[in-house]
Number of protein chains: 6
Amino acid sequence: MQKLIEKANILAEALHYIHKLAGKTVVVKYGGNAMQSEEITKTILEDLALLKIVGVNPVLIHGGGPEINALLKSLNIQPVFHNGLRVTDKDTMNVVQMVLCGKLNKDITSKLNNLGVKAIGICGKDARLIEVRKKSSDVDLGFVGEIMRINTRLIEHLANDEYIPVIASVGCDEEGNSYNINADTAAAEIACAMKAEKLIFLTDIDGIRMNKDDPTTLIPIITIAEVDKLISQGIISEGMIPKVIACVKGVKMGIKRTHIINGTIPHPIMLEIFTDTGIGTMITE
Amino acid sequence: MQKLIEKANILAEALHYIHKLAGKTVVVKYGGNAMQSEEITKTILEDLALLKIVGVNPVLIHGGGPEINALLKSLNIQPVFHNGLRVTDKDTMNVVQMVLCGKLNKDITSKLNNLGVKAIGICGKDARLIEVRKKSSDVDLGFVGEIMRINTRLIEHLANDEYIPVIASVGCDEEGNSYNINADTAAAEIACAMKAEKLIFLTDIDGIRMNKDDPTTLIPIITIAEVDKLISQGIISEGMIPKVIACVKGVKMGIKRTHIINGTIPHPIMLEIFTDTGIGTMITE
Amino acid sequence: MQKLIEKANILAEALHYIHKLAGKTVVVKYGGNAMQSEEITKTILEDLALLKIVGVNPVLIHGGGPEINALLKSLNIQPVFHNGLRVTDKDTMNVVQMVLCGKLNKDITSKLNNLGVKAIGICGKDARLIEVRKKSSDVDLGFVGEIMRINTRLIEHLANDEYIPVIASVGCDEEGNSYNINADTAAAEIACAMKAEKLIFLTDIDGIRMNKDDPTTLIPIITIAEVDKLISQGIISEGMIPKVIACVKGVKMGIKRTHIINGTIPHPIMLEIFTDTGIGTMITE
Amino acid sequence: MQKLIEKANILAEALHYIHKLAGKTVVVKYGGNAMQSEEITKTILEDLALLKIVGVNPVLIHGGGPEINALLKSLNIQPVFHNGLRVTDKDTMNVVQMVLCGKLNKDITSKLNNLGVKAIGICGKDARLIEVRKKSSDVDLGFVGEIMRINTRLIEHLANDEYIPVIASVGCDEEGNSYNINADTAAAEIACAMKAEKLIFLTDIDGIRMNKDDPTTLIPIITIAEVDKLISQGIISEGMIPKVIACVKGVKMGIKRTHIINGTIPHPIMLEIFTDTGIGTMITE
Amino acid sequence: MQKLIEKANILAEALHYIHKLAGKTVVVKYGGNAMQSEEITKTILEDLALLKIVGVNPVLIHGGGPEINALLKSLNIQPVFHNGLRVTDKDTMNVVQMVLCGKLNKDITSKLNNLGVKAIGICGKDARLIEVRKKSSDVDLGFVGEIMRINTRLIEHLANDEYIPVIASVGCDEEGNSYNINADTAAAEIACAMKAEKLIFLTDIDGIRMNKDDPTTLIPIITIAEVDKLISQGIISEGMIPKVIACVKGVKMGIKRTHIINGTIPHPIMLEIFTDTGIGTMITE
Amino acid sequence: MQKLIEKANILAEALHYIHKLAGKTVVVKYGGNAMQSEEITKTILEDLALLKIVGVNPVLIHGGGPEINALLKSLNIQPVFHNGLRVTDKDTMNVVQMVLCGKLNKDITSKLNNLGVKAIGICGKDARLIEVRKKSSDVDLGFVGEIMRINTRLIEHLANDEYIPVIASVGCDEEGNSYNINADTAAAEIACAMKAEKLIFLTDIDGIRMNKDDPTTLIPIITIAEVDKLISQGIISEGMIPKVIACVKGVKMGIKRTHIINGTIPHPIMLEIFTDTGIGTMITE
């Protein structure tokens, strides 16, 4: 009986959040290190499918560094990085595009379709979704792009219809050339352009912790003002900074709630957005 | 962590059922003995409100025997019963109508409104919702009606819009006279006429048990064929028979699933329809 | 032949007014003393049905003093009045609600349904139609309410669809408690909130007369400025003042035309609004 | 007071018929001898305008024999008739078309516009409304047409929108040549093709009388079976036969009610269709 | 092969212009001297039909001086002109209306219908399309009107639906009287009121030439500023001035492009608007 | 002047075909050998863009054999063929998918976008567009699929909206695995499922010739009955047979017209479908 009451409470709690998100857009960035386990990936895609099923409109953005490196290696192309950015000549860009748009994007799409929803895999070149210009830099980075404009009509159309858009982080310039872009930034820009209700980064850590090594110090909610303080105090450190910056920028551009959560535990999206406590850090105004 | 996984599973399970019921009608009969506890009533009305919130369309039918008797007593009108049916003269019918349509119906409506949804209290006289004729019997039963026709347009309209219809079990004949009708039957007829997905009877017992006195012998799912057998074997006994008959009739008239559940535990509707195991007996084809 | 021409003129005249009122809302307050004759009541309900049939949207508000007093007497509850307002304790409020919402409201609704239209009986508790707060006074009046807000969506919805809303003058406070309210005021507030074209008070006198005892001195049209003068001159006297004040307030809040007419002659509404001369007094800006 | 009650009854009666005709099409044939008085014509056009205003969709068909003869005379063209049909050579057809489509049609249209409605004057050549073939005969009748097909889309469109179509009785053949057609027949064919509720012939007599010379013997309603009998008995005589035949044919093709009424008394249409007694003869199944 | 490439280029060029005009309104004035050849007229009506077919919405305005004079002559009415304007008494106006609205208008309509499109012939009296007032002048010009207002709703409705409106240049005053109006002016006013994309005058000359007698000096495009200069230099001479003025006025009132082209060569409209070079003079801002 | 008339005729001819194709679907298969010249490809994509612009809905299907072979070679994977079909192991399938979906598909899409239309690149895995099963064969062909079902909703949606779908010929089985499929067959199946008006194969030859080596013996139109005869007579030879078979099958499944045309001359699609003579062979019922 005690268990029944508990179950009833969990449901009552979730129904409340479902109601609040109905018809809203939730943009999820997934990729890189968080993408390693087949089993966890399945629960993440299940979360996206369930969101769609109960009337929320999810949009998935993904990158795919490790698989790009693997194909480059097979083709004997030496990866070159400058300040953490991949120097991208024509051949490298071809490989990036083939892996992201041709391999990962279509495979994620198929897996979602297998869960009973309808996904469609596109990239920034389709209907000129992500328009970029060449990133200026002290050295020539080649086809590395800086996002100039998001043309959301196509994805709004798909997301408001029965589809889940799955977007590979490749952009196009005015002449239609392909560009390598940062997937975190792309997710934030797309969420802003779509006036998304939420932007969620699935990473391999729990969120922001006061003490990096102590899981019990996780901060569940933080304002963008407080984030600045924590950065200046060095509490938000190296690897976390770019994601946190993207969140802060997102909030400043109008996204109501941005989340950094651990994508290595099962059903992370559902636990974060359908429970009172959540599992990661929500950054908000 | 174990608790998180469990929570995730409860949610995944519920989301599945929410998806299947989205946009569907669920008719709930509530009343009489099950209506005693203020506290439990509140969780039942919360369940109805939550159903509405996640996109299901609930319709509530209620009777109210005990309160009718109380007012009759205050007015020194002696209740007369014949074969379990209230012999209903003009004065008695006035009392029935005032209590059901004027008191209980409006008070339930107000309580639902307090939960953030919009309820509207009506009866079988509004837009001629429930058309009856005088029930034939060996003795004159007065204004006791037999349901002839349900005019669903008004409640379909309200239920598909943002409202929860709350329906008092009073009918009208061709000339507009008021009639006392059985609330269980009214619920079944309305559910059939609305092609409801579900019909739920909230009672004061758990459902059908193989051994009436042993809660562990509850039958979670039963077909209408099996019901017949259990009745002939005397396993489904006296008080349960009318409700079970109403369920069987409902299934035969096209309702997919009918439920008899215990309305004296908290959140009974949610537990029955959003969990795999449920808490009562589901009668189906 | 002369009679044919006269008939043709009456029709041409009426068609003109029908055209002007098509799709507009007309709020009618009916009750108390005007409600005595069954026969006249029938012609009034016929007028409402005919309005609906030719494309006008009538809304009926009713009170019901005499019937409330009768039930209070049966239950040995002593009516208490203070400055003309019924002091309303919990038990009295229950009686008020049962009589207005459970008896009169549903019976008027049935009679309209018998005329081939679809009426639906509701009160201020349904979908929180009439929100009130406790009326402040030198003595505790109990559940006597002062109207704070009209939530018109439900009745607009019903009135613009095929239904005639019949509204019992019972309000609800923030917590959903029932309150006794003045039906004239409720009619005026609802008419304002619905931006009604007309507000009609059916009373037991002809309208405003220059000489109270001389029917030939009836004033057919009067502006709100002139009303003030007549009140200060004592020409508009005691019983008439509250209705006239409600009309004036209604006009000030945006109702184009308000009417006080004699509800004891047959078809009063039709004669007032579909003929050039009318039968009562129209108060306008 | 007696007068008020009478007025109320006339209105109640009319409202009933308005309700029954709302959204329905009424085709009126007007022309020739009935068209003589400017004053009566004005009341007829007022009737059409009022029909439109209260939600009925009138369509007017007209001929114009006398005016055609006048112009032919001015141009020294000798009218030739054969079995009552105008032998129509090219020059005569030009005159017919100019008078019907260019003069009468546009002038009626203007007069209707002056009454506050929107009329539009067209003929059988517009959007190929009335398709004809050359009428076969023992002598060459020239451009005299037999109606083959009515293309109603344009007039349905106009009549269901805010316009009153005014149609001159000129047809076109496959090659677009103009043809002289009988206006009574055109009215009946158009009414059938539009599935009109009513077809009304405005003539210069009262309707069908048992005794041609005794106005008190007017037959208000007659079935098509009875019409046959009266024709064979010689009671329906010469001039009346074509109109009666057109009515009978109309009823057989599905028009519910056809009327022959006297267009020389004021407001004839309104009196016929908005009163219980009517003023002419209604031919029905 | 060379021919194929040329053909492909002509098509590519035309498709470009079709795309730009899709859903736009093109007003064409045709009449008088340009209307002489049956064969050329056929290609002009074909051009209008083809415009309609590919999704452009053409509207045709026509006058008809020569045919009016012919009928006046037959009726022995002496044409009187004052400063180039026809002095129009009642009889003359009747003739003008019969010829324009009854003869030419309906015949053009029939010819368009024969090309597989649906045309409908109307004039300024239908739905009060062209409202005028009597033109003031030093001598009484009779029914010569000055355009006051264009009520475009009817023609917008028809043109946006499947019809081609064919409009005879007859106006009506407040009382519904008919007026003779200048067809060039009417075309310009209608084009402005409809916010047409183009206004095309079909005349009997090529357009504006620098040297009137040298076809090679045709000016393909000219701004309204340059027009003024050419008029003051006398290069735009007598007969051309009214049309040029109408074009300039049209451009000033918001029509994007106005054209004066030679209606005596085949398919003039198509050549002007679907080819890069065009065949006449385009006047633009 | 002669040239003007010729131009007018070409346009009149094209407009006729544009009208007939408006709102219809045209499926184009392009690929392999026909895809060699950058310059010609540009005119083909221009044709597709122009079709879209004038209201026709083109859908493009492509394969890409030569580019697949190039990447396989770079990765030292040996292509294996069996009876003309590529034996496709997991690694080979990855390469096929990366080249078709990730490289060619997105690059064609970008080029179309540069022409001012909106293209979107997808494959048979998106929304399960092309469902296949493993092709049975005497040797294990690996991931070579046989088309079982086309789920057209997504592409119908896109094609009827403002987009041009560009489809890579990759299918998916029930479990979501990728399969290599024949692009000609895919084009025919998609055209059938979409009830396309036309199916066009762009090849490197002119169409069907009676004498393979004599371009003047090209057959412009042929019925499917005649095709059978020509095959049995050996006149339709080796390389041509599969395309002709796909055309015949398409016609049998309901496509009205199928075309085999030479994709190595400029603007081939426009010349085939917007001119009377066309440039290739049309196979029809």
# chains A, B, ... in the order shown; residues from 1 in each chain; ligands from 1
call {"tool": "interface_residues", "arguments": {"of": "chain A", "to": "chain F", "cutoff": "6 Å", "atoms": "only C-alpha atoms", "output": "list in words"}}
result
Gln97, Met98, Cys101, Gly102, Lys103, Ser110, Lys118, Ala119, Ile120, Asp126, Ala127 and Gly176 of chain A
call {"tool": "calpha_fit_and_write", "arguments": {"fixed": "chain B", "moving": "chain D", "output": "CSV table (one decimal) with C-alpha atoms, in the first residue's frame"}}
result
chain,number,residue,atom,x,y,z
D,1,MET,CA,20.7,4.9,-7.9
D,2,GLN,CA,18.5,1.9,-7.6
D,3,LYS,CA,15.6,4.3,-6.7
D,4,LEU,CA,16.3,6.4,-9.7
D,5,ILE,CA,16.0,3.5,-12.0
D,6,GLU,CA,12.8,2.4,-10.4
D,7,LYS,CA,11.4,5.9,-10.7
D,8,ALA,CA,12.4,6.0,-14.4
D,9,ASN,CA,10.6,2.7,-15.0
D,10,ILE,CA,7.4,3.9,-13.3
D,11,LEU,CA,7.5,7.0,-15.5
D,12,ALA,CA,8.2,5.1,-18.7
D,13,GLU,CA,5.3,2.8,-17.9
D,14,ALA,CA,2.9,5.7,-17.3
D,15,LEU,CA,3.9,7.6,-20.3
D,16,HIS,CA,3.1,4.6,-22.4
D,17,TYR,CA,-0.5,4.6,-21.1
D,18,ILE,CA,-0.9,8.4,-21.4
D,19,HIS,CA,0.1,8.1,-25.0
D,20,LYS,CA,-2.5,5.4,-25.6
D,21,LEU,CA,-5.3,7.4,-24.0
D,22,ALA,CA,-4.5,10.8,-25.4
D,23,GLY,CA,-7.7,12.4,-26.8
D,24,LYS,CA,-9.8,9.5,-25.7
D,25,THR,CA,-12.9,9.7,-23.4
D,26,VAL,CA,-12.9,8.0,-19.9
D,27,VAL,CA,-16.2,7.9,-18.1
D,28,VAL,CA,-16.1,7.6,-14.3
D,29,LYS,CA,-19.0,6.6,-12.1
D,30,TYR,CA,-18.5,7.8,-8.5
D,31,GLY,CA,-20.9,7.9,-5.7
D,32,GLY,CA,-22.8,6.5,-2.8
D,33,ASN,CA,-20.6,4.6,-0.4
D,34,ALA,CA,-17.4,5.3,-2.1
D,35,MET,CA,-17.9,9.0,-1.6
D,36,GLN,CA,-17.5,9.1,2.2
D,37,SER,CA,-14.0,10.4,2.8
D,38,GLU,CA,-13.3,14.1,2.0
D,39,GLU,CA,-9.6,13.3,1.8
D,40,ILE,CA,-10.0,10.4,-0.7
D,41,THR,CA,-12.5,12.3,-2.7
D,42,LYS,CA,-9.9,15.0,-3.1
D,43,THR,CA,-7.4,12.5,-4.6
D,44,ILE,CA,-10.1,11.2,-7.0
D,45,LEU,CA,-10.9,14.7,-8.2
D,46,GLU,CA,-7.1,15.3,-8.6
D,47,ASP,CA,-6.9,12.2,-10.7
D,48,LEU,CA,-9.7,13.5,-13.0
D,49,ALA,CA,-8.0,16.9,-13.2
D,50,LEU,CA,-4.6,15.3,-14.1
D,51,LEU,CA,-6.3,13.2,-16.8
D,52,LYS,CA,-7.7,16.4,-18.3
D,53,ILE,CA,-4.3,18.1,-18.0
D,54,VAL,CA,-2.4,15.3,-19.9
D,55,GLY,CA,-4.9,15.3,-22.7
D,56,VAL,CA,-7.4,12.6,-21.7
D,57,ASN,CA,-11.1,13.6,-21.6
D,58,PRO,CA,-12.8,12.5,-18.4
D,59,VAL,CA,-16.6,12.6,-17.8
D,60,LEU,CA,-17.9,12.1,-14.3
D,61,ILE,CA,-21.3,10.6,-13.4
D,62,HIS,CA,-22.6,10.7,-9.9
D,63,GLY,CA,-25.5,9.6,-7.8
D,64,GLY,CA,-26.1,10.5,-4.1
D,65,GLY,CA,-28.3,8.2,-2.1
D,66,PRO,CA,-27.3,9.1,1.5
D,67,GLU,CA,-27.8,12.9,1.0
D,68,ILE,CA,-31.2,12.4,-0.6
D,69,ASN,CA,-32.3,10.4,2.4
D,70,ALA,CA,-31.1,13.1,4.8
D,71,LEU,CA,-33.2,15.8,3.1
D,72,LEU,CA,-36.2,13.6,2.8
D,73,LYS,CA,-36.0,13.0,6.5
D,74,SER,CA,-35.7,16.7,7.3
D,75,LEU,CA,-38.9,17.2,5.2
D,76,ASN,CA,-40.6,14.3,6.9
D,77,ILE,CA,-41.0,12.4,3.6
D,78,GLN,CA,-40.8,8.6,4.2
D,79,PRO,CA,-38.5,6.9,1.8
D,80,VAL,CA,-40.3,3.9,0.2
D,81,PHE,CA,-38.4,1.2,-1.7
D,82,HIS,CA,-39.7,-1.7,-3.9
D,83,ASN,CA,-37.2,-4.3,-5.1
D,84,GLY,CA,-34.4,-2.0,-4.2
D,85,LEU,CA,-35.8,0.8,-6.3
D,86,ARG,CA,-36.9,4.1,-4.7
D,87,VAL,CA,-40.6,4.7,-5.2
D,88,THR,CA,-40.5,8.3,-6.3
D,89,ASP,CA,-43.6,10.5,-6.1
D,90,LYS,CA,-43.6,14.1,-7.2
D,91,ASP,CA,-42.4,15.5,-3.8
D,92,THR,CA,-39.6,12.9,-3.6
D,93,MET,CA,-38.5,13.6,-7.1
D,94,ASN,CA,-38.3,17.3,-6.3
D,95,VAL,CA,-36.0,16.4,-3.4
D,96,VAL,CA,-33.9,14.0,-5.5
D,97,GLN,CA,-33.4,16.7,-8.1
D,98,MET,CA,-32.6,19.4,-5.6
D,99,VAL,CA,-30.0,17.3,-3.9
D,100,LEU,CA,-28.4,15.8,-7.0
D,101,CYS,CA,-28.5,18.7,-9.4
D,102,GLY,CA,-28.6,21.6,-6.9
D,103,LYS,CA,-26.3,20.4,-4.1
D,104,LEU,CA,-23.9,17.5,-4.9
D,105,ASN,CA,-23.4,18.3,-8.6
D,106,LYS,CA,-22.5,21.9,-8.0
D,107,ASP,CA,-20.3,21.1,-5.1
D,108,ILE,CA,-18.2,18.5,-7.0
D,109,THR,CA,-18.0,21.0,-9.8
D,110,SER,CA,-16.6,23.7,-7.5
D,111,LYS,CA,-14.0,21.3,-6.1
D,112,LEU,CA,-12.8,20.4,-9.5
D,113,ASN,CA,-12.6,24.1,-10.4
D,114,ASN,CA,-10.4,24.6,-7.3
D,115,LEU,CA,-7.9,22.2,-8.8
D,116,GLY,CA,-7.2,24.4,-11.8
D,117,VAL,CA,-9.4,22.8,-14.4
D,118,LYS,CA,-12.8,23.9,-15.6
D,119,ALA,CA,-15.8,21.7,-14.6
D,120,ILE,CA,-19.4,22.2,-15.5
D,121,GLY,CA,-22.3,20.6,-13.7
D,122,ILE,CA,-25.3,19.4,-15.7
D,123,CYS,CA,-27.9,16.7,-15.5
D,124,GLY,CA,-30.0,14.6,-17.9
D,125,LYS,CA,-32.5,17.5,-18.3
D,126,ASP,CA,-29.9,19.8,-19.9
D,127,ALA,CA,-30.2,19.7,-23.7
D,128,ARG,CA,-32.2,16.5,-23.1
D,129,LEU,CA,-29.0,14.7,-22.3
D,130,ILE,CA,-30.7,11.6,-20.8
D,131,GLU,CA,-34.1,10.7,-22.3
D,132,VAL,CA,-36.1,8.2,-20.3
D,133,ARG,CA,-39.5,6.6,-20.1
D,134,LYS,CA,-41.4,5.6,-17.0
D,135,LYS,CA,-40.1,2.2,-15.8
D,136,SER,CA,-42.8,-0.4,-16.0
D,137,SER,CA,-43.2,-2.4,-12.9
D,138,ASP,CA,-45.8,-4.4,-11.0
D,139,VAL,CA,-46.3,-1.5,-8.6
D,140,ASP,CA,-46.3,2.1,-9.7
D,141,LEU,CA,-42.8,3.3,-9.0
D,142,GLY,CA,-43.7,6.9,-9.8
D,143,PHE,CA,-40.9,9.0,-11.5
D,144,VAL,CA,-38.4,6.1,-11.9
D,145,GLY,CA,-37.1,6.1,-15.4
D,146,GLU,CA,-35.6,3.7,-17.9
D,147,ILE,CA,-33.0,5.2,-20.2
D,148,MET,CA,-34.2,5.4,-23.8
D,149,ARG,CA,-31.6,7.6,-25.5
D,150,ILE,CA,-28.4,9.6,-24.7
D,151,ASN,CA,-28.0,12.9,-26.6
D,152,THR,CA,-24.3,13.2,-26.4
D,153,ARG,CA,-23.6,16.2,-28.5
D,154,LEU,CA,-23.4,18.7,-25.6
D,155,ILE,CA,-21.1,16.6,-23.4
D,156,GLU,CA,-18.9,15.6,-26.4
D,157,HIS,CA,-18.6,19.3,-27.1
D,158,LEU,CA,-17.7,20.1,-23.5
D,159,ALA,CA,-15.4,17.2,-23.0
D,160,ASN,CA,-13.5,17.8,-26.2
D,161,ASP,CA,-13.2,21.4,-25.3
D,162,GLU,CA,-11.5,22.4,-22.1
D,163,TYR,CA,-14.3,21.3,-19.7
D,164,ILE,CA,-14.9,18.3,-17.4
D,165,PRO,CA,-18.6,17.5,-17.5
D,166,VAL,CA,-20.0,16.5,-14.1
D,167,ILE,CA,-23.4,14.8,-14.6
D,168,ALA,CA,-26.1,14.2,-12.0
D,169,SER,CA,-28.1,11.1,-12.6
D,170,VAL,CA,-31.5,12.7,-13.3
D,171,GLY,CA,-33.3,12.0,-16.6
D,172,CYS,CA,-36.2,13.6,-18.4
D,173,ASP,CA,-39.2,12.2,-20.4
D,174,GLU,CA,-40.7,13.5,-23.6
D,175,GLU,CA,-42.6,16.2,-21.8
D,176,GLY,CA,-39.6,17.3,-19.8
D,177,ASN,CA,-40.6,15.7,-16.4
D,178,SER,CA,-37.7,14.7,-14.1
D,179,TYR,CA,-37.0,11.1,-13.4
D,180,ASN,CA,-34.9,9.2,-10.9
D,181,ILE,CA,-32.4,6.9,-12.7
D,182,ASN,CA,-29.7,4.4,-11.7
D,183,ALA,CA,-26.4,6.1,-11.8
D,184,ASP,CA,-24.4,2.9,-12.8
D,185,THR,CA,-26.7,2.3,-15.7
D,186,ALA,CA,-26.5,6.0,-16.7
D,187,ALA,CA,-22.7,5.9,-16.6
D,188,ALA,CA,-22.6,2.7,-18.8
D,189,GLU,CA,-25.1,4.2,-21.3
D,190,ILE,CA,-23.2,7.5,-21.6
D,191,ALA,CA,-19.9,5.7,-22.0
D,192,CYS,CA,-21.4,3.6,-24.8
D,193,ALA,CA,-23.0,6.6,-26.5
D,194,MET,CA,-19.8,8.5,-26.4
D,195,LYS,CA,-17.8,5.5,-27.6
D,196,ALA,CA,-15.6,5.9,-24.5
D,197,GLU,CA,-12.3,4.2,-24.3
D,198,LYS,CA,-12.9,3.3,-20.7
D,199,LEU,CA,-15.7,3.1,-18.1
D,200,ILE,CA,-14.6,3.1,-14.5
D,201,PHE,CA,-16.8,2.3,-11.5
D,202,LEU,CA,-15.4,3.6,-8.2
D,203,THR,CA,-16.8,1.3,-5.5
D,204,ASP,CA,-15.9,0.5,-1.9
D,205,ILE,CA,-14.4,-2.9,-2.7
D,206,ASP,CA,-11.2,-3.9,-4.6
D,207,GLY,CA,-12.8,-5.5,-7.7
D,208,ILE,CA,-13.7,-9.1,-8.3
D,209,ARG,CA,-12.1,-11.6,-6.0
D,210,MET,CA,-12.1,-15.4,-6.4
D,211,ASN,CA,-12.4,-15.6,-2.6
D,212,LYS,CA,-14.5,-12.6,-1.4
D,213,ASP,CA,-12.6,-12.4,1.8
D,214,ASP,CA,-9.1,-12.8,0.5
D,215,PRO,CA,-7.6,-9.6,-1.0
D,216,THR,CA,-4.8,-11.7,-2.6
D,217,THR,CA,-7.3,-13.4,-4.9
D,218,LEU,CA,-8.2,-10.2,-6.8
D,219,ILE,CA,-8.7,-10.9,-10.5
D,220,PRO,CA,-6.9,-8.1,-12.5
D,221,ILE,CA,-8.3,-8.9,-15.9
D,222,ILE,CA,-11.3,-11.0,-16.9
D,223,THR,CA,-13.3,-11.5,-20.1
D,224,ILE,CA,-17.0,-11.2,-20.3
D,225,ALA,CA,-17.2,-14.9,-21.0
D,226,GLU,CA,-15.4,-15.7,-17.8
D,227,VAL,CA,-17.7,-13.3,-15.9
D,228,ASP,CA,-20.7,-15.4,-16.8
D,229,LYS,CA,-19.1,-18.5,-15.4
D,230,LEU,CA,-18.2,-16.8,-12.1
D,231,ILE,CA,-21.7,-15.5,-11.7
D,232,SER,CA,-23.2,-18.9,-12.3
D,233,GLN,CA,-20.6,-20.4,-9.8
D,234,GLY,CA,-21.7,-17.8,-7.2
D,235,ILE,CA,-18.2,-16.4,-7.0
D,236,ILE,CA,-19.5,-12.9,-8.1
D,237,SER,CA,-22.1,-12.3,-5.4
D,238,GLU,CA,-25.0,-10.0,-4.5
D,239,GLY,CA,-23.8,-6.4,-4.2
D,240,MET,CA,-21.3,-6.8,-7.0
D,241,ILE,CA,-23.6,-8.2,-9.6
D,242,PRO,CA,-25.3,-4.9,-10.9
D,243,LYS,CA,-21.9,-3.2,-11.5
D,244,VAL,CA,-20.5,-6.3,-13.2
D,245,ILE,CA,-23.6,-6.6,-15.3
D,246,ALA,CA,-23.2,-2.9,-16.3
D,247,CYS,CA,-19.6,-3.6,-17.3
D,248,VAL,CA,-20.5,-6.6,-19.3
D,249,LYS,CA,-23.2,-4.7,-21.1
D,250,GLY,CA,-20.8,-1.8,-21.7
D,251,VAL,CA,-18.2,-4.1,-23.3
D,252,LYS,CA,-20.9,-5.7,-25.4
D,253,MET,CA,-22.0,-2.2,-26.6
D,254,GLY,CA,-18.5,-1.4,-27.6
D,255,ILE,CA,-16.5,0.1,-24.7
D,256,LYS,CA,-13.0,-1.4,-25.0
D,257,ARG,CA,-12.2,-1.6,-21.3
D,258,THR,CA,-14.4,-1.4,-18.2
D,259,HIS,CA,-13.0,-1.3,-14.7
D,260,ILE,CA,-14.3,-1.9,-11.1
D,261,ILE,CA,-11.9,-0.4,-8.6
D,262,ASN,CA,-11.7,0.5,-5.0
D,263,GLY,CA,-12.5,4.2,-4.6
D,264,THR,CA,-11.4,4.2,-0.9
D,265,ILE,CA,-7.7,4.2,-1.6
D,266,PRO,CA,-6.0,7.4,-2.7
D,267,HIS,CA,-5.5,8.2,-6.4
D,268,PRO,CA,-7.3,5.1,-7.5
D,269,ILE,CA,-8.0,6.1,-11.1
D,270,MET,CA,-4.3,7.0,-11.8
D,271,LEU,CA,-3.1,3.8,-10.3
D,272,GLU,CA,-5.5,1.7,-12.3
D,273,ILE,CA,-5.0,3.3,-15.7
D,274,PHE,CA,-1.4,4.5,-15.6
D,275,THR,CA,0.3,1.3,-14.2
D,276,ASP,CA,0.9,-2.1,-15.7
D,277,THR,CA,-0.7,-4.0,-12.7
D,278,GLY,CA,-3.6,-1.7,-11.9
D,279,ILE,CA,-5.4,-2.0,-8.6
D,280,GLY,CA,-8.8,-3.4,-9.5
D,281,THR,CA,-10.5,-5.7,-12.0
D,282,MET,CA,-10.7,-4.8,-15.7
D,283,ILE,CA,-13.5,-6.5,-17.6
D,284,THR,CA,-12.9,-6.7,-21.3
D,285,GLU,CA,-13.9,-8.7,-24.4
